[in-house]
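Participant: Below you'll find run-v6.cif; it's mmCIF, N, CA and C atoms.
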```cif
data_target
#
loop_
_atom_site.group_PDB
_atom_site.id
_atom_site.type_symbol
_atom_site.label_atom_id
_atom_site.label_comp_id
_atom_site.auth_asym_id
_atom_site.auth_seq_id
_atom_site.Cartn_x
_atom_site.Cartn_y
_atom_site.Cartn_z
ATOM 1 N N MET A 1 135.988 19.180 47.164
ATOM 2 C CA MET A 1 134.560 19.078 47.045
ATOM 3 C C MET A 1 134.183 19.096 45.569
ATOM 4 N N TYR A 2 133.224 18.289 45.213
ATOM 5 C CA TYR A 2 132.759 18.278 43.840
ATOM 6 C C TYR A 2 131.237 18.227 43.843
ATOM 7 N N SER A 3 130.662 18.608 42.737
ATOM 8 C CA SER A 3 129.204 18.563 42.642
ATOM 9 C C SER A 3 128.809 17.578 41.550
ATOM 10 N N VAL A 4 127.708 16.959 41.761
ATOM 11 C CA VAL A 4 127.175 16.018 40.784
ATOM 12 C C VAL A 4 126.054 16.731 40.039
ATOM 13 N N LEU A 5 126.100 16.652 38.733
ATOM 14 C CA LEU A 5 125.057 17.306 37.943
ATOM 15 C C LEU A 5 123.725 16.597 38.139
ATOM 16 N N PRO A 6 122.651 17.342 38.274
ATOM 17 C CA PRO A 6 121.337 16.701 38.350
ATOM 18 C C PRO A 6 121.021 16.029 37.017
ATOM 19 N N ASP A 7 120.114 15.046 37.047
ATOM 20 C CA ASP A 7 119.767 14.312 35.828
ATOM 21 C C ASP A 7 119.357 15.232 34.692
ATOM 22 N N SER A 8 118.688 16.344 35.019
ATOM 23 C CA SER A 8 118.237 17.266 33.978
ATOM 24 C C SER A 8 119.400 17.969 33.288
ATOM 25 N N ALA A 9 120.570 18.026 33.945
ATOM 26 C CA ALA A 9 121.728 18.715 33.368
ATOM 27 C C ALA A 9 122.646 17.755 32.611
ATOM 28 N N ARG A 10 122.417 16.461 32.748
ATOM 29 C CA ARG A 10 123.242 15.479 32.048
ATOM 30 C C ARG A 10 122.748 15.325 30.620
ATOM 31 N N HIS A 11 123.666 15.222 29.709
ATOM 32 C CA HIS A 11 123.313 15.092 28.301
ATOM 33 C C HIS A 11 124.002 13.854 27.738
ATOM 34 N N THR A 12 123.318 13.170 26.878
ATOM 35 C CA THR A 12 123.917 12.030 26.206
ATOM 36 C C THR A 12 124.587 12.537 24.947
ATOM 37 N N MET A 13 125.852 12.222 24.811
ATOM 38 C CA MET A 13 126.598 12.607 23.616
ATOM 39 C C MET A 13 126.607 11.432 22.646
ATOM 40 N N TYR A 14 126.513 11.742 21.391
ATOM 41 C CA TYR A 14 126.551 10.737 20.339
ATOM 42 C C TYR A 14 127.677 11.070 19.372
ATOM 43 N N THR A 15 128.198 10.058 18.763
ATOM 44 C CA THR A 15 129.123 10.245 17.656
ATOM 45 C C THR A 15 128.319 9.975 16.397
ATOM 46 N N PHE A 16 128.123 11.003 15.605
ATOM 47 C CA PHE A 16 127.410 10.858 14.341
ATOM 48 C C PHE A 16 128.436 10.695 13.235
ATOM 49 N N LYS A 17 128.144 9.805 12.309
ATOM 50 C CA LYS A 17 128.995 9.604 11.141
ATOM 51 C C LYS A 17 128.102 9.651 9.916
ATOM 52 N N ALA A 18 128.619 10.236 8.856
ATOM 53 C CA ALA A 18 127.846 10.332 7.625
ATOM 54 C C ALA A 18 128.773 10.199 6.427
ATOM 55 N N LEU A 19 128.246 9.617 5.385
ATOM 56 C CA LEU A 19 128.926 9.608 4.094
ATOM 57 C C LEU A 19 128.266 10.710 3.284
ATOM 58 N N ILE A 20 129.039 11.709 2.925
ATOM 59 C CA ILE A 20 128.484 12.832 2.175
ATOM 60 C C ILE A 20 129.209 12.977 0.830
ATOM 61 N N TYR A 21 128.534 13.635 -0.078
ATOM 62 C CA TYR A 21 129.130 14.028 -1.352
ATOM 63 C C TYR A 21 129.043 15.541 -1.404
ATOM 64 N N ASP A 22 130.202 16.196 -1.554
ATOM 65 C CA ASP A 22 130.238 17.658 -1.498
ATOM 66 C C ASP A 22 130.350 18.324 -2.869
ATOM 67 N N GLY A 23 130.109 17.557 -3.916
ATOM 68 C CA GLY A 23 130.206 18.100 -5.268
ATOM 69 C C GLY A 23 131.512 17.738 -5.940
ATOM 70 N N ASN A 24 132.509 17.379 -5.136
ATOM 71 C CA ASN A 24 133.812 16.990 -5.671
ATOM 72 C C ASN A 24 134.143 15.531 -5.403
ATOM 73 N N ARG A 25 133.813 15.083 -4.192
ATOM 74 C CA ARG A 25 134.136 13.708 -3.821
ATOM 75 C C ARG A 25 133.274 13.257 -2.649
ATOM 76 N N GLN A 26 133.262 11.947 -2.416
ATOM 77 C CA GLN A 26 132.595 11.400 -1.240
ATOM 78 C C GLN A 26 133.570 11.431 -0.079
ATOM 79 N N ARG A 27 133.044 11.615 1.113
ATOM 80 C CA ARG A 27 133.890 11.555 2.305
ATOM 81 C C ARG A 27 133.058 11.126 3.503
ATOM 82 N N ILE A 28 133.720 10.477 4.449
ATOM 83 C CA ILE A 28 133.079 10.111 5.706
ATOM 84 C C ILE A 28 133.395 11.214 6.708
ATOM 85 N N VAL A 29 132.354 11.727 7.350
ATOM 86 C CA VAL A 29 132.485 12.805 8.311
ATOM 87 C C VAL A 29 132.015 12.287 9.667
ATOM 88 N N SER A 30 132.742 12.629 10.719
ATOM 89 C CA SER A 30 132.388 12.216 12.076
ATOM 90 C C SER A 30 132.389 13.445 12.977
ATOM 91 N N HIS A 31 131.396 13.506 13.883
ATOM 92 C CA HIS A 31 131.306 14.659 14.797
ATOM 93 C C HIS A 31 130.545 14.234 16.043
ATOM 94 N N ASP A 32 130.994 14.695 17.211
ATOM 95 C CA ASP A 32 130.321 14.412 18.478
ATOM 96 C C ASP A 32 129.363 15.538 18.816
ATOM 97 N N CYS A 33 128.109 15.188 19.092
ATOM 98 C CA CYS A 33 127.111 16.169 19.494
ATOM 99 C C CYS A 33 125.940 15.446 20.158
ATOM 100 N N GLU A 34 124.938 16.210 20.580
ATOM 101 C CA GLU A 34 123.827 15.638 21.336
ATOM 102 C C GLU A 34 122.642 15.206 20.481
ATOM 103 N N THR A 35 122.424 15.842 19.336
ATOM 104 C CA THR A 35 121.249 15.521 18.523
ATOM 105 C C THR A 35 121.604 15.458 17.038
ATOM 106 N N LYS A 36 120.741 14.805 16.290
ATOM 107 C CA LYS A 36 120.929 14.749 14.834
ATOM 108 C C LYS A 36 120.831 16.154 14.242
ATOM 109 N N ALA A 37 119.967 16.988 14.798
ATOM 110 C CA ALA A 37 119.820 18.371 14.308
ATOM 111 C C ALA A 37 121.137 19.139 14.457
ATOM 112 N N GLU A 38 121.832 18.942 15.598
ATOM 113 C CA GLU A 38 123.135 19.591 15.785
ATOM 114 C C GLU A 38 124.140 19.090 14.752
ATOM 115 N N PHE A 39 124.095 17.796 14.453
ATOM 116 C CA PHE A 39 125.001 17.234 13.448
ATOM 117 C C PHE A 39 124.710 17.831 12.073
ATOM 118 N N GLU A 40 123.438 17.965 11.737
ATOM 119 C CA GLU A 40 123.072 18.555 10.453
ATOM 120 C C GLU A 40 123.510 20.021 10.383
ATOM 121 N N GLN A 41 123.426 20.738 11.496
ATOM 122 C CA GLN A 41 123.908 22.125 11.532
ATOM 123 C C GLN A 41 125.419 22.159 11.309
ATOM 124 N N TYR A 42 126.126 21.220 11.921
ATOM 125 C CA TYR A 42 127.576 21.118 11.724
ATOM 126 C C TYR A 42 127.901 20.878 10.248
ATOM 127 N N LEU A 43 127.198 19.933 9.613
ATOM 128 C CA LEU A 43 127.449 19.645 8.196
ATOM 129 C C LEU A 43 127.213 20.881 7.333
ATOM 130 N N THR A 44 126.124 21.587 7.600
ATOM 131 C CA THR A 44 125.807 22.795 6.834
ATOM 132 C C THR A 44 126.875 23.864 7.036
ATOM 133 N N ARG A 45 127.321 24.020 8.282
ATOM 134 C CA ARG A 45 128.351 25.017 8.601
ATOM 135 C C ARG A 45 129.682 24.674 7.928
ATOM 136 N N GLU A 46 130.044 23.395 7.925
ATOM 137 C CA GLU A 46 131.337 22.977 7.381
ATOM 138 C C GLU A 46 131.347 22.845 5.858
ATOM 139 N N PHE A 47 130.247 22.392 5.279
ATOM 140 C CA PHE A 47 130.245 22.059 3.855
ATOM 141 C C PHE A 47 129.273 22.884 3.027
ATOM 142 N N GLY A 48 128.366 23.608 3.649
ATOM 143 C CA GLY A 48 127.410 24.426 2.908
ATOM 144 C C GLY A 48 126.439 23.569 2.124
ATOM 145 N N CYS A 49 126.854 23.134 0.965
ATOM 146 C CA CYS A 49 126.007 22.329 0.094
ATOM 147 C C CYS A 49 126.587 20.914 0.019
ATOM 148 N N TYR A 50 125.774 19.914 0.309
ATOM 149 C CA TYR A 50 126.240 18.526 0.301
ATOM 150 C C TYR A 50 125.044 17.602 0.131
ATOM 151 N N VAL A 51 125.309 16.363 -0.232
ATOM 152 C CA VAL A 51 124.291 15.322 -0.278
ATOM 153 C C VAL A 51 124.700 14.269 0.733
ATOM 154 N N CYS A 52 123.810 13.949 1.663
ATOM 155 C CA CYS A 52 124.090 12.936 2.674
ATOM 156 C C CYS A 52 123.619 11.587 2.135
ATOM 157 N N LEU A 53 124.567 10.659 1.950
ATOM 158 C CA LEU A 53 124.254 9.350 1.399
ATOM 159 C C LEU A 53 123.948 8.315 2.473
ATOM 160 N N TRP A 54 124.450 8.547 3.684
ATOM 161 C CA TRP A 54 124.300 7.580 4.772
ATOM 162 C C TRP A 54 124.624 8.275 6.087
ATOM 163 N N ILE A 55 123.910 7.903 7.165
ATOM 164 C CA ILE A 55 124.185 8.487 8.479
ATOM 165 C C ILE A 55 124.010 7.419 9.549
ATOM 166 N N ALA A 56 124.850 7.468 10.591
ATOM 167 C CA ALA A 56 124.757 6.541 11.720
ATOM 168 C C ALA A 56 124.948 7.324 13.012
ATOM 169 N N GLN A 57 124.379 6.789 14.083
ATOM 170 C CA GLN A 57 124.449 7.441 15.392
ATOM 171 C C GLN A 57 124.866 6.398 16.415
ATOM 172 N N ASP A 58 125.955 6.660 17.147
ATOM 173 C CA ASP A 58 126.439 5.768 18.199
ATOM 174 C C ASP A 58 126.585 6.564 19.487
ATOM 175 N N VAL A 59 126.302 5.923 20.615
ATOM 176 C CA VAL A 59 126.512 6.581 21.897
ATOM 177 C C VAL A 59 128.016 6.755 22.088
ATOM 178 N N LYS A 60 128.410 7.948 22.460
ATOM 179 C CA LYS A 60 129.823 8.251 22.669
ATOM 180 C C LYS A 60 130.286 7.631 23.980
ATOM 181 N N ASN A 61 131.428 6.975 23.949
ATOM 182 C CA ASN A 61 131.998 6.390 25.164
ATOM 183 C C ASN A 61 132.646 7.501 25.976
ATOM 184 N N ILE A 62 132.131 7.711 27.170
ATOM 185 C CA ILE A 62 132.661 8.732 28.069
ATOM 186 C C ILE A 62 133.098 8.047 29.359
ATOM 187 N N ALA A 63 134.343 8.206 29.714
ATOM 188 C CA ALA A 63 134.827 7.631 30.976
ATOM 189 C C ALA A 63 134.211 8.393 32.129
ATOM 190 N N SER A 64 133.721 7.665 33.123
ATOM 191 C CA SER A 64 133.113 8.353 34.267
ATOM 192 C C SER A 64 133.984 8.325 35.482
#
```
Turn the structure described in the file into structure tokens.

Facilitator:
Amino acid sequence: MYSVLPDSARHTMYTFKALIYDGNRQRIVSHDCETKAEFEQYLTREFGCYVCLWIAQDVKNIAS
């Protein structure tokens, strides 16, 4: 037996990519999350201080 999540419980995942400069070098960072705000929290948590030069958002491919 399995249960199907109601529409309200389903979340769209995105793959966010950004080109950042962390004070030493530029790097491309990728992370899967639901919102741009979550991605920005991830960047702050991982890098503390950075400059975001470019950002993109793609729907994450999830096999159903």

Participant: Just say which residues the PyMOL selection byres (((chain A and resi 34-47 and name CA) around 8) and name CA) picks in this file, as a ChimeraX atom specification.

Facilitator: /A:11-14,16,22,31-33,48-50

Participant: One number please: atom N of Gln26 of chain A to atom N of Asp58 of chain A, in Å, one decimal.

Facilitator: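 A separation of 21.5 Å between them.
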
Participant: What does the distance between atom N of Lys60 of chain A and atom CA of Tyr21 of chain A come to in Å, to one decimal place?

Facilitator: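 According to the coordinates, atom N of Lys60 of chain A and atom CA of Tyr21 of chain A are separated by 24.6 Å.
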
Participant: Given the file shown, enumerate the residues that the PyMOL selection byres ((chain A and resi 18) around 6) captures and present them as a PyMOL selection string.

Facilitator: chain A and resi 16-17+19-20+27-30+54-56

Participant: Please compute the atom C of Cys52 of chain A-atom N of Asn24 of chain A distance, one decimal, in Å.

Facilitator: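 Atom N of Asn24 of chain A lies at a distance of 12.9 Å from atom C of Cys52 of chain A.
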